[in-house]
Amino acid sequence: VRALPELFDVRVKARALAYLFGAGAGLGMLTLLLPHDPAVDDRGLWILAAVAVAIAGLIYLRVDRAREWQLHVVLAGGTTILHFANYFAGTSTLYPLLYTWSALYAFYFFELQLALVHMAYIGAGYAVVLAIQDPTSPAIRWLLAIGTPVIAGLLISRMLGLVRGERLEAEENARALAQNEARTRLVLDSAPDAFITLDPEGIIRSWNIAAERVFGWSAAEAIGAPMRTLVVPPEFRERHDERRIALLESADPVATAQFDVEFVRRDGSRFPAEATVSTVDVRGEMLLTGFVRDMTDRERRAEEREALVREQAARAEAERVAELVSGMQLLVDAALWHRTLDDILSDLVTRVRTVLDADASAIYLAEEDEQLRLGAASGGGGEEPEPIAFGEGFVGRVARARQPMRLEDPAVDELPYPALEELAIDSLIGVPLLAEGDVTGVLVVCAAAPRHFTAQDMDVLRLAADRVALAIDHARVYEREHRIAETLQRSLLPARLPQLPGLAVAARYRPAAAEAEVGGDWYDVIAVPGGGVGLVMGDVAGKGLAAASMVGRLRSALRAYALEGHAPARVLEQLNRLIWMEADESQMATLIYVVVDPGEGEIRWVNAGHLPALLLRDGEAPGFLEGGTSVPLGVLPFPEFEEAAVPMDPGAVVVLYTDGLVERSGENIDLGMGRLAGVVRDAPVDPEQLCDRVLGELVPRAGAADDVALLTLRSVPMGDRFRAELPAQPEALSSMRGLLRRWLRHLRASDQEIAEIVTACGEAATNAIEHAGTAGAPFEIRAGFEGREIRIAIRDFGAWRTPRGGDQGRGLSLMRALMDTVSVEPTPEGTTVRLARTVQGTDGPNGGAQ
Amino acid sequence: VTDLVEVETEERGDVVVARVTGELDIAGASSTGAAIGDAVPTSARALVVDFSGLDFIDSSGVAMLFGLVRRLGSRRQELRVVAPLGDPVARVLEIVEFDRAAPVHRTLEDALAGLPAGGG
């Protein structure tokens, strides 16, 4: 809640007071200098004027440190000076008029009540002066001196009240408008394509950052100009008008059309573009919005890509020929690139040994502290040797020297590893593995008589070392990226699923077998407003880091929209917009969003290109939830999302999954789905056991070819306790209330009891959300029923703050009024609010489930 | 205003009637307050906030009401609230003693009675 705005800064008020004192003193002195009534006590008035000047100076010097209360004291002091001045000046002068100054100052700068207090002091003081002087008709004098300023003051106060009210309104409107605009701008400015809005006459209304880039005109220049003359080439202007009018006149409330067009940039150059234009009704006015995609850019990129591919192909061909000649072709193997480092190393040492006809070969990898660890060896056997320091033995010397070295008749302690002694090695070559100038390892080959390595062998090995170094480097980078992507994706999957009353949920995620990259499979379980639960299963096209980060954005957006209470179709519309506006052209995602509402006994879903969910109802064969389907997200700008619904019986089971579970290469996917239905039919209905059974039957022990995500839900009888974790954001409160109401109804609490307990818990949860601190941290609600007592604990993971203003104090007193006991336990890790209340219920005790 | 709470306003002569339905918590309180406040022109004599269709209110909603009281008070406008007897909303208003700040009526008719141009 915002207070009324102060119209004046305290410094302004102080300065005005200083001027008032200065002017009053000046005027007083002027009347003394001019001829005047001899009855006036000149000496007293000179002293008062001097005091007033001194006070004026003092205020003026201390303006920056002035406090509101000090102003009141000084103004009262001024009034006191006026009382004395009226006393010294006698009854014949007009000095009482000066009270108006004090009065008007008070009404102008202070709240009405405080101004009236000052007025009362003026009235009382002047009454005393009149009583002492005893002039004729004191009542009339008093009324004139006091009544005039009061009336003028009240008028001023009323006027200022209106100004302040209007200013508050204007400030709030401006703030709301600015917020709204900032949000829209953010979305539009981050769009990769030019986004332009036109009014019905074709005048440009908005122009985003991408439009500035594409056309070369700044928003300031473009807005207000007609689109047709600014960027449309003269020969196309007529067509531009025709299309605009056709769109505006179309009966469809949201008409959309796509055109291949040509535009002119600011510098006069022309470019081909693709324009997607829609009509939008904005408060009764039809506007045209258009996305313009510069196709030259895309054509040029495509050309560059092709050139790159051609160049790479040519280079690969040249290398292939060269390596055929040098006998190293075995090392060039595309399979190397998607294997673990250990696999690559053992492959490499074998190949190097074969190519060089050596008796043994080994690769040592450099660790960070200049130690060389054996990565892989071929020939000889035995245990893993101790690490070798740089400079130690033959291998260490190669690493230190960073040069290829040859050694004949090595001593036993020069051998790379002890097992070679049995092979009677008498010729060695070692070459350093270099990546970007750093020694990343040493490649060494060993031969026993009669084989002796030559200088030519050393050249071949050096060539091999370049390849090996590169392969190792790539493998390391790949492993790191794979790890990051995997970690990122893991962190995006819910760590703990909510335990909602009446709903049991289980989920599994199995990454693909080691060789493939991390995919974009994800799932989520969200408690939605109304007491239901939203199940999400999705698959973002692509792999690796890019897919994982897209999953992250989709997940947080979906959570936000779902918690705001939007219907499934609306949630998917917004996600589609997000992916369409933000992602690059290749981004696409399939997603199924199922809302299970046990209160309504209904399952509703929207399916954007994903595999259908499987539903198992008591006494029926499992069936796939057909219908409610649409294209995947990110394919069309405005696809239709339609919801489908089926009734949900107690005990029903819902299974969501990704294609990795049912797809086999070279097989029709219907077969896989049939297999899944078969397994589910015979599986236990408990979600955890069901997940294990499905994975056990359908996923090979070594891992599937693709990632597999599986999510199962079963509606179960409601228990006497539940625990749920909800995101610490205001939108989650409604979900929590829905859960609590459903649970309390099950316990047969009366309507009034339910309303009161839900209100108290809402206050505790609001506190939790305000304390949570870091965004995205959850809060937890645990509820139990024992005897006749409901016990609820709401816990956040932030620092407790003592209630600040009235609002939070009000929350606490609401909790106390509505519950039997309330306790707040702040700890450094978070705060737990415990609430308890005995319920009478509607029809006697109810101890158990069902 | 979020999907959880809705505000409909109507001008009856000098009186603005704002009907709030749904659930009013911290997620929607400030936007609801702004929506109601914006619907009251400076020329209006009084505002009646009708909570008879509101299913839930918490302290954020109450704070929003107090805010309206202050805002209207500064413009010398009157605020009345409708909350039917026995409703959860009426119970909350009772606990926080909201009637000390502005009158709480049981029906819209009661609230409009005695206001200029409101009753007829």
# chains A, B, ... in the order shown; residues from 1 in each chain; ligands from 1
call {"tool": "residues_around", "arguments": {"residues": "Ile26 (chain B)", "least_positions_apart": "4", "cutoff": "8 Å", "atoms": "only C-alpha atoms", "output": "list of chain:residue names"}}
result
A:Pro730, A:Thr766, B:Ser30, B:Asp58, B:Ser60, B:Gly61
call {"tool": "write_last_selection", "arguments": {"atoms": "N, CA and C atoms", "output": "compact mmCIF listing (two decimals), in the first residue's frame"}}
result
# COMPACT_ATOMS: atom_id res chain seq x y z
N PRO A 730 3.99 -16.32 -5.23
CA PRO A 730 2.59 -16.07 -4.86
C PRO A 730 1.61 -16.98 -5.61
N THR A 766 2.24 -17.33 2.90
CA THR A 766 2.63 -16.02 2.39
C THR A 766 3.91 -15.55 3.06
N SER B 30 -2.46 -6.57 -5.26
CA SER B 30 -2.12 -5.20 -5.66
C SER B 30 -2.77 -4.86 -6.99
N ASP B 58 -7.12 -13.04 2.11
CA ASP B 58 -6.11 -13.16 3.15
C ASP B 58 -5.63 -11.77 3.56
N SER B 60 -3.23 -10.03 2.66
CA SER B 60 -2.85 -9.14 1.55
C SER B 60 -4.08 -8.46 0.98
N GLY B 61 -5.20 -9.21 0.91
CA GLY B 61 -6.44 -8.63 0.43
C GLY B 61 -6.94 -7.57 1.39
call {"tool": "closest_atom_pairs", "arguments": {"of": "chain B", "to": "chain A", "cutoff": "7 Å", "atoms": "only C-alpha atoms", "output": "Markdown table"}}
result
| residue | atom | partner | partner_atom | distance |
| --- | --- | --- | --- | --- |
| B:Thr2 | CA | A:Glu564 | CA | 6.9 |
| B:Asp3 | CA | A:Gly565 | CA | 6.2 |
| B:Leu4 | CA | A:Gly565 | CA | 6.8 |
| B:Ile26 | CA | A:Pro730 | CA | 6.0 |
| B:Ala27 | CA | A:Pro730 | CA | 4.7 |
| B:Asp58 | CA | A:Thr759 | CA | 6.3 |
| B:Ser59 | CA | A:Gly811 | CA | 5.4 |
| B:Ser60 | CA | A:Asp807 | CA | 6.9 |
| B:Ala63 | CA | A:Asp807 | CA | 6.0 |
| B:Met64 | CA | A:Val1 | CA | 6.7 |
| B:Gly67 | CA | A:Val1 | CA | 5.4 |
| B:Ser74 | CA | A:Gly161 | CA | 6.4 |
| B:Arg75 | CA | A:Gly165 | CA | 6.4 |
| B:Pro88 | CA | A:Ala755 | CA | 5.9 |
| B:Ile95 | CA | A:Leu814 | CA | 6.7 |
call {"tool": "select_by_dssp", "arguments": {"residues": "region 590-784 of chain A", "states": "strand (DSSP E or B)", "output": "MDAnalysis selection string"}}
result
chainID A and resid 590:597 602:608 614:616 623:624 629:630 633 644:647 653:657 708:715 721:727 778:784
call {"tool": "write_last_selection", "arguments": {"atoms": "C-alpha atoms", "output": "PDB file, in the first residue's frame"}}
result
ATOM      1  CA  THR A 590       6.988 -32.041 -28.414  1.00  0.00           C
ATOM      2  CA  LEU A 591       5.121 -31.913 -25.156  1.00  0.00           C
ATOM      3  CA  ILE A 592       2.119 -33.455 -23.493  1.00  0.00           C
ATOM      4  CA  TYR A 593       0.527 -31.651 -20.543  1.00  0.00           C
ATOM      5  CA  VAL A 594      -2.002 -33.603 -18.512  1.00  0.00           C
ATOM      6  CA  VAL A 595      -3.967 -32.108 -15.636  1.00  0.00           C
ATOM      7  CA  VAL A 596      -5.377 -34.653 -13.234  1.00  0.00           C
ATOM      8  CA  ASP A 597      -8.077 -33.224 -11.008  1.00  0.00           C
ATOM      9  CA  GLU A 602     -11.382 -35.632 -14.563  1.00  0.00           C
ATOM     10  CA  ILE A 603      -8.252 -35.894 -16.666  1.00  0.00           C
ATOM     11  CA  ARG A 604      -7.674 -33.078 -19.175  1.00  0.00           C
ATOM     12  CA  TRP A 605      -4.792 -32.896 -21.578  1.00  0.00           C
ATOM     13  CA  VAL A 606      -3.250 -31.153 -24.537  1.00  0.00           C
ATOM     14  CA  ASN A 607      -0.760 -32.986 -26.694  1.00  0.00           C
ATOM     15  CA  ALA A 608       1.630 -31.025 -28.908  1.00  0.00           C
ATOM     16  CA  LEU A 614      -1.589 -44.354 -21.536  1.00  0.00           C
ATOM     17  CA  LEU A 615      -4.599 -44.645 -19.228  1.00  0.00           C
ATOM     18  CA  LEU A 616      -5.414 -47.732 -17.216  1.00  0.00           C
ATOM     19  CA  GLY A 623      -5.908 -47.395 -23.677  1.00  0.00           C
ATOM     20  CA  PHE A 624      -3.980 -44.473 -25.172  1.00  0.00           C
ATOM     21  CA  THR A 629      -3.468 -33.247 -30.375  1.00  0.00           C
ATOM     22  CA  SER A 630      -1.754 -30.472 -32.261  1.00  0.00           C
ATOM     23  CA  LEU A 633       5.717 -26.395 -30.259  1.00  0.00           C
ATOM     24  CA  ALA A 644      -9.543 -33.253 -24.504  1.00  0.00           C
ATOM     25  CA  ALA A 645     -10.897 -34.781 -21.298  1.00  0.00           C
ATOM     26  CA  VAL A 646     -11.978 -38.140 -19.917  1.00  0.00           C
ATOM     27  CA  PRO A 647     -13.478 -39.015 -16.537  1.00  0.00           C
ATOM     28  CA  VAL A 653      -3.307 -45.012 -13.654  1.00  0.00           C
ATOM     29  CA  VAL A 654      -1.783 -42.548 -16.126  1.00  0.00           C
ATOM     30  CA  VAL A 655       1.541 -43.277 -17.852  1.00  0.00           C
ATOM     31  CA  LEU A 656       3.577 -40.627 -19.733  1.00  0.00           C
ATOM     32  CA  TYR A 657       6.791 -41.478 -21.575  1.00  0.00           C
ATOM     33  CA  VAL A 708      14.025 -42.653 -21.707  1.00  0.00           C
ATOM     34  CA  ALA A 709      11.766 -40.675 -19.389  1.00  0.00           C
ATOM     35  CA  LEU A 710       8.778 -42.228 -17.691  1.00  0.00           C
ATOM     36  CA  LEU A 711       6.171 -40.700 -15.403  1.00  0.00           C
ATOM     37  CA  THR A 712       3.313 -42.582 -13.781  1.00  0.00           C
ATOM     38  CA  LEU A 713       0.453 -41.429 -11.593  1.00  0.00           C
ATOM     39  CA  ARG A 714      -2.256 -43.290  -9.773  1.00  0.00           C
ATOM     40  CA  SER A 715      -5.204 -41.884  -7.910  1.00  0.00           C
ATOM     41  CA  ARG A 721      -1.187 -37.000   6.159  1.00  0.00           C
ATOM     42  CA  PHE A 722       0.484 -35.407   3.201  1.00  0.00           C
ATOM     43  CA  ARG A 723       3.598 -33.465   2.317  1.00  0.00           C
ATOM     44  CA  ALA A 724       4.029 -31.153  -0.631  1.00  0.00           C
ATOM     45  CA  GLU A 725       6.794 -28.909  -1.811  1.00  0.00           C
ATOM     46  CA  LEU A 726       5.668 -25.812  -3.694  1.00  0.00           C
ATOM     47  CA  PRO A 727       7.662 -23.077  -5.396  1.00  0.00           C
ATOM     48  CA  PRO A 778      10.564 -24.082  -2.575  1.00  0.00           C
ATOM     49  CA  PHE A 779       8.569 -24.077   0.626  1.00  0.00           C
ATOM     50  CA  GLU A 780       7.193 -27.183   2.215  1.00  0.00           C
ATOM     51  CA  ILE A 781       3.843 -28.009   3.750  1.00  0.00           C
ATOM     52  CA  ARG A 782       3.324 -31.066   5.919  1.00  0.00           C
ATOM     53  CA  ALA A 783      -0.078 -31.904   7.310  1.00  0.00           C
ATOM     54  CA  GLY A 784      -1.246 -34.629   9.634  1.00  0.00           C
TER      55      GLY A 784
END
call {"tool": "residues_around", "arguments": {"residues": "Glu201 (chain A)", "least_positions_apart": "5", "cutoff": "10 Å", "atoms": "only C-alpha atoms", "output": "ChimeraX atom specification"}}
result
/A:226-227,241,244-245,287-288
call {"tool": "closest_residue", "arguments": {"among": "B:Val49, B:Val81, B:Ala90, B:Val62", "to": "Arg19 (chain B)", "atoms": "only C-alpha atoms"}}
result
B:Val49
call {"tool": "residues_around", "arguments": {"residues": "Ala49 (chain A)", "least_positions_apart": "6", "cutoff": "12 Å", "atoms": "only C-alpha atoms", "output": "list in words"}}
result
Phe21, Gly22, Ala23, Gly24, Ala25, Gly26, Leu27, Gly28, Met29, Leu30, Thr31, Leu32, Asp42, Arg43, Ile55, Ala56, Gly78, Ile81, Leu82, Phe84, Ala85 and Phe88 of chain A
call {"tool": "write_last_selection", "arguments": {"atoms": "N, CA, C and O atoms", "output": "compact mmCIF listing (two decimals), in the first residue's frame"}}
result
# COMPACT_ATOMS: atom_id res chain seq x y z
N PHE A 21 9.98 34.18 7.45
CA PHE A 21 10.55 34.92 8.58
C PHE A 21 11.25 36.19 8.10
O PHE A 21 11.08 37.27 8.67
N GLY A 22 12.05 36.03 7.02
CA GLY A 22 12.81 37.18 6.51
C GLY A 22 11.86 38.27 6.05
O GLY A 22 12.01 39.44 6.41
N ALA A 23 10.84 37.89 5.27
CA ALA A 23 9.91 38.87 4.73
C ALA A 23 9.13 39.55 5.85
O ALA A 23 8.92 40.77 5.85
N GLY A 24 8.71 38.75 6.85
CA GLY A 24 7.95 39.30 7.99
C GLY A 24 8.77 40.34 8.72
O GLY A 24 8.30 41.45 9.01
N ALA A 25 10.06 39.97 9.00
CA ALA A 25 10.93 40.90 9.72
C ALA A 25 11.13 42.17 8.90
O ALA A 25 11.06 43.29 9.42
N GLY A 26 11.37 42.01 7.59
CA GLY A 26 11.59 43.16 6.70
C GLY A 26 10.40 44.10 6.71
O GLY A 26 10.56 45.33 6.87
N LEU A 27 9.22 43.50 6.56
CA LEU A 27 8.00 44.32 6.54
C LEU A 27 7.81 45.05 7.86
O LEU A 27 7.48 46.24 7.90
N GLY A 28 8.10 44.32 8.96
CA GLY A 28 7.97 44.93 10.29
C GLY A 28 8.89 46.13 10.42
O GLY A 28 8.49 47.21 10.87
N MET A 29 10.16 45.94 9.98
CA MET A 29 11.12 47.04 10.11
C MET A 29 10.71 48.23 9.25
O MET A 29 10.87 49.39 9.63
N LEU A 30 10.15 47.93 8.05
CA LEU A 30 9.71 49.00 7.16
C LEU A 30 8.63 49.85 7.84
O LEU A 30 8.68 51.08 7.81
N THR A 31 7.67 49.16 8.50
CA THR A 31 6.61 49.94 9.18
C THR A 31 7.21 50.81 10.28
O THR A 31 6.71 51.90 10.56
N LEU A 32 8.33 50.35 10.89
CA LEU A 32 8.95 51.14 11.96
C LEU A 32 9.66 52.38 11.40
O LEU A 32 9.76 53.40 12.06
N ASP A 42 8.37 50.84 19.80
CA ASP A 42 9.38 50.63 18.76
C ASP A 42 10.46 49.66 19.19
O ASP A 42 10.89 48.79 18.45
N ARG A 43 10.93 49.85 20.45
CA ARG A 43 12.07 49.04 20.89
C ARG A 43 11.74 47.55 20.87
O ARG A 43 12.49 46.73 20.35
N ILE A 55 16.41 33.97 13.16
CA ILE A 55 15.82 32.64 12.93
C ILE A 55 15.82 32.31 11.44
O ILE A 55 16.17 31.21 11.02
N ALA A 56 15.47 33.33 10.61
CA ALA A 56 15.45 33.10 9.15
C ALA A 56 16.82 32.61 8.69
O ALA A 56 16.94 31.65 7.94
N GLY A 78 7.27 31.46 15.29
CA GLY A 78 6.90 32.62 14.48
C GLY A 78 5.58 33.20 14.95
O GLY A 78 5.42 34.43 15.07
N ILE A 81 6.13 35.16 17.99
CA ILE A 81 6.68 36.48 17.67
C ILE A 81 5.54 37.43 17.26
O ILE A 81 5.48 38.60 17.68
N LEU A 82 4.58 36.89 16.45
CA LEU A 82 3.46 37.73 16.00
C LEU A 82 2.58 38.15 17.19
O LEU A 82 2.08 39.28 17.22
N PHE A 84 3.62 38.70 20.21
CA PHE A 84 4.32 39.83 20.85
C PHE A 84 4.23 41.08 20.00
O PHE A 84 4.02 42.18 20.50
N ALA A 85 4.38 40.90 18.68
CA ALA A 85 4.33 42.07 17.80
C ALA A 85 2.98 42.76 17.92
O ALA A 85 2.90 43.99 18.00
N PHE A 88 3.05 44.64 21.19
CA PHE A 88 3.86 45.86 21.16
C PHE A 88 3.25 46.91 20.24
O PHE A 88 3.38 48.10 20.46
call {"tool": "residues_around", "arguments": {"residues": "Ala44 (chain B)", "least_positions_apart": "6", "cutoff": "10 Å", "atoms": "only C-alpha atoms", "output": "CSV table (one decimal) with all heavy atoms, in the first residue's frame"}}
result
chain,number,residue,atom,x,y,z
B,11,GLU,N,-20.8,1.9,-12.6
B,11,GLU,CA,-21.1,3.2,-12.0
B,11,GLU,C,-22.6,3.3,-11.8
B,11,GLU,O,-23.4,3.2,-12.8
B,11,GLU,CB,-20.5,4.3,-12.8
B,11,GLU,CG,-19.0,4.4,-12.7
B,11,GLU,CD,-18.5,5.6,-13.3
B,11,GLU,OE1,-19.1,6.7,-13.2
B,11,GLU,OE2,-17.4,5.6,-13.9
B,12,ARG,N,-23.1,3.5,-10.6
B,12,ARG,CA,-24.5,3.8,-10.4
B,12,ARG,C,-24.6,5.2,-9.9
B,12,ARG,O,-24.5,5.4,-8.7
B,12,ARG,CB,-25.1,2.8,-9.4
B,12,ARG,CG,-25.0,1.3,-9.7
B,12,ARG,CD,-25.9,0.5,-8.9
B,12,ARG,NE,-25.7,-0.9,-9.1
B,12,ARG,CZ,-26.5,-1.8,-8.5
B,12,ARG,NH1,-27.4,-1.4,-7.6
B,12,ARG,NH2,-26.3,-3.1,-8.7
B,13,GLY,N,-24.8,6.1,-10.8
B,13,GLY,CA,-24.9,7.5,-10.4
B,13,GLY,C,-23.5,7.9,-9.9
B,13,GLY,O,-22.5,7.7,-10.5
B,14,ASP,N,-23.5,8.4,-8.7
B,14,ASP,CA,-22.3,8.9,-8.0
B,14,ASP,C,-21.5,7.8,-7.3
B,14,ASP,O,-20.5,8.0,-6.7
B,14,ASP,CB,-22.6,10.0,-7.0
B,14,ASP,CG,-22.8,11.3,-7.7
B,14,ASP,OD1,-22.5,11.4,-8.9
B,14,ASP,OD2,-23.2,12.3,-7.0
B,15,VAL,N,-22.1,6.6,-7.4
B,15,VAL,CA,-21.5,5.4,-6.6
B,15,VAL,C,-20.9,4.4,-7.6
B,15,VAL,O,-21.6,4.1,-8.6
B,15,VAL,CB,-22.6,4.8,-5.7
B,15,VAL,CG1,-22.0,3.6,-4.9
B,15,VAL,CG2,-23.3,5.8,-4.8
B,16,VAL,N,-19.7,4.0,-7.2
B,16,VAL,CA,-19.1,3.0,-8.0
B,16,VAL,C,-19.2,1.6,-7.3
B,16,VAL,O,-18.9,1.6,-6.1
B,16,VAL,CB,-17.6,3.3,-8.3
B,16,VAL,CG1,-16.9,2.1,-9.0
B,16,VAL,CG2,-17.4,4.6,-9.1
B,72,LEU,N,-9.3,6.6,-0.8
B,72,LEU,CA,-10.6,7.3,-1.0
B,72,LEU,C,-10.7,8.4,0.1
B,72,LEU,O,-11.3,9.5,-0.2
B,72,LEU,CB,-11.7,6.3,-0.8
B,72,LEU,CG,-12.2,5.8,-2.2
B,72,LEU,CD1,-11.1,5.0,-2.9
B,72,LEU,CD2,-13.5,5.0,-2.0
B,75,ARG,N,-9.6,11.7,-0.8
B,75,ARG,CA,-10.4,12.4,-1.8
B,75,ARG,C,-11.8,12.7,-1.2
B,75,ARG,O,-12.8,13.0,-2.0
B,75,ARG,CB,-10.6,11.6,-3.1
B,75,ARG,CG,-9.3,11.2,-3.7
B,75,ARG,CD,-9.6,10.9,-5.2
B,75,ARG,NE,-8.9,9.7,-5.6
B,75,ARG,CZ,-9.4,8.9,-6.6
B,75,ARG,NH1,-10.6,9.1,-7.1
B,75,ARG,NH2,-8.7,7.8,-7.0
B,76,ARG,N,-12.0,12.5,0.1
B,76,ARG,CA,-13.3,12.7,0.7
B,76,ARG,C,-14.3,11.8,0.1
B,76,ARG,O,-15.4,12.2,-0.1
B,76,ARG,CB,-13.7,14.1,0.7
B,76,ARG,CG,-12.6,15.2,0.9
B,76,ARG,CD,-12.3,15.2,2.4
B,76,ARG,NE,-11.6,16.5,2.7
B,76,ARG,CZ,-10.3,16.6,2.7
B,76,ARG,NH1,-9.5,15.5,2.4
B,76,ARG,NH2,-9.7,17.7,3.0
B,77,GLN,N,-14.0,10.6,-0.3
B,77,GLN,CA,-15.0,9.6,-0.8
B,77,GLN,C,-15.2,8.5,0.2
B,77,GLN,O,-14.3,8.2,1.0
B,77,GLN,CB,-14.5,9.0,-2.1
B,77,GLN,CG,-14.4,10.0,-3.2
B,77,GLN,CD,-13.6,9.5,-4.4
B,77,GLN,OE1,-12.7,8.8,-4.3
B,77,GLN,NE2,-14.1,10.0,-5.6
B,78,GLU,N,-16.4,8.0,0.2
B,78,GLU,CA,-16.8,7.0,1.2
B,78,GLU,C,-16.6,5.6,0.6
B,78,GLU,O,-16.8,5.3,-0.6
B,78,GLU,CB,-18.3,7.2,1.5
B,78,GLU,CG,-18.7,6.5,2.8
B,78,GLU,CD,-20.1,6.7,3.1
B,78,GLU,OE1,-20.7,7.7,2.6
B,78,GLU,OE2,-20.7,5.9,3.8
call {"tool": "residues_around", "arguments": {"residues": "Leu93 (chain B)", "least_positions_apart": "5", "cutoff": "9 Å", "atoms": "only C-alpha atoms", "output": "PyMOL selection string"}}
result
chain B and resi 57+62+83+88+98-99+104
call {"tool": "atom_distance", "arguments": {"atom1": "CA of Arg91 (chain B)", "atom2": "CA of Thr831 (chain A)"}}
result
27.4 Å
call {"tool": "select_by_dssp", "arguments": {"residues": "chain B", "states": "alpha helix (DSSP H)", "output": "MDAnalysis selection string"}}
result
chainID B and resid 29:39 59:74 88:95 108:112
call {"tool": "write_last_selection", "arguments": {"atoms": "C-alpha atoms", "output": "PDB file, in the first residue's frame"}}
result
ATOM      1  CA  ALA B  29      -4.071  -8.159  -4.305  1.00  0.00           C
ATOM      2  CA  SER B  30      -2.124  -5.205  -5.661  1.00  0.00           C
ATOM      3  CA  SER B  31      -3.448  -5.510  -9.202  1.00  0.00           C
ATOM      4  CA  THR B  32      -6.987  -5.853  -7.840  1.00  0.00           C
ATOM      5  CA  GLY B  33      -6.513  -2.747  -5.692  1.00  0.00           C
ATOM      6  CA  ALA B  34      -5.209  -0.836  -8.690  1.00  0.00           C
ATOM      7  CA  ALA B  35      -8.090  -2.017 -10.886  1.00  0.00           C
ATOM      8  CA  ILE B  36     -10.670  -0.903  -8.333  1.00  0.00           C
ATOM      9  CA  GLY B  37      -8.930   2.385  -7.570  1.00  0.00           C
ATOM     10  CA  ASP B  38      -8.667   3.212 -11.265  1.00  0.00           C
ATOM     11  CA  ALA B  39     -12.393   2.637 -11.722  1.00  0.00           C
ATOM     12  CA  SER B  59      -4.181 -10.406   4.898  1.00  0.00           C
ATOM     13  CA  SER B  60      -2.846  -9.140   1.552  1.00  0.00           C
ATOM     14  CA  GLY B  61      -6.439  -8.630   0.431  1.00  0.00           C
ATOM     15  CA  VAL B  62      -7.205  -6.884   3.713  1.00  0.00           C
ATOM     16  CA  ALA B  63      -4.161  -4.648   3.245  1.00  0.00           C
ATOM     17  CA  MET B  64      -5.461  -3.806  -0.232  1.00  0.00           C
ATOM     18  CA  LEU B  65      -8.788  -2.743   1.336  1.00  0.00           C
ATOM     19  CA  PHE B  66      -7.080  -0.562   3.916  1.00  0.00           C
ATOM     20  CA  GLY B  67      -5.173   1.006   1.058  1.00  0.00           C
ATOM     21  CA  LEU B  68      -8.440   1.835  -0.666  1.00  0.00           C
ATOM     22  CA  VAL B  69      -9.789   3.362   2.544  1.00  0.00           C
ATOM     23  CA  ARG B  70      -6.792   5.675   2.709  1.00  0.00           C
ATOM     24  CA  ARG B  71      -6.857   6.530  -0.939  1.00  0.00           C
ATOM     25  CA  LEU B  72     -10.571   7.311  -0.962  1.00  0.00           C
ATOM     26  CA  GLY B  73     -10.312   9.169   2.338  1.00  0.00           C
ATOM     27  CA  SER B  74      -7.835  11.584   0.828  1.00  0.00           C
ATOM     28  CA  PRO B  88     -15.150 -16.890   5.126  1.00  0.00           C
ATOM     29  CA  VAL B  89     -14.441 -13.367   3.877  1.00  0.00           C
ATOM     30  CA  ALA B  90     -16.738 -11.809   6.498  1.00  0.00           C
ATOM     31  CA  ARG B  91     -14.974 -13.845   9.195  1.00  0.00           C
ATOM     32  CA  VAL B  92     -11.553 -12.516   8.177  1.00  0.00           C
ATOM     33  CA  LEU B  93     -12.816  -8.914   8.055  1.00  0.00           C
ATOM     34  CA  GLU B  94     -14.281  -9.433  11.520  1.00  0.00           C
ATOM     35  CA  ILE B  95     -10.989 -10.723  12.966  1.00  0.00           C
ATOM     36  CA  LEU B 108     -25.333  -4.922  -1.654  1.00  0.00           C
ATOM     37  CA  GLU B 109     -28.789  -3.372  -1.060  1.00  0.00           C
ATOM     38  CA  ASP B 110     -27.859  -2.570   2.564  1.00  0.00           C
ATOM     39  CA  ALA B 111     -24.641  -0.980   1.413  1.00  0.00           C
ATOM     40  CA  LEU B 112     -26.317   1.143  -1.238  1.00  0.00           C
TER      41      LEU B 112
END
call {"tool": "atom_distance", "arguments": {"atom1": "CA of Lys543 (chain A)", "atom2": "CA of Glu573 (chain A)"}}
result
24.1 Å
call {"tool": "atom_distance", "arguments": {"atom1": "CA of Phe51 (chain B)", "atom2": "CA of Val20 (chain B)"}}
result
5.6 Å
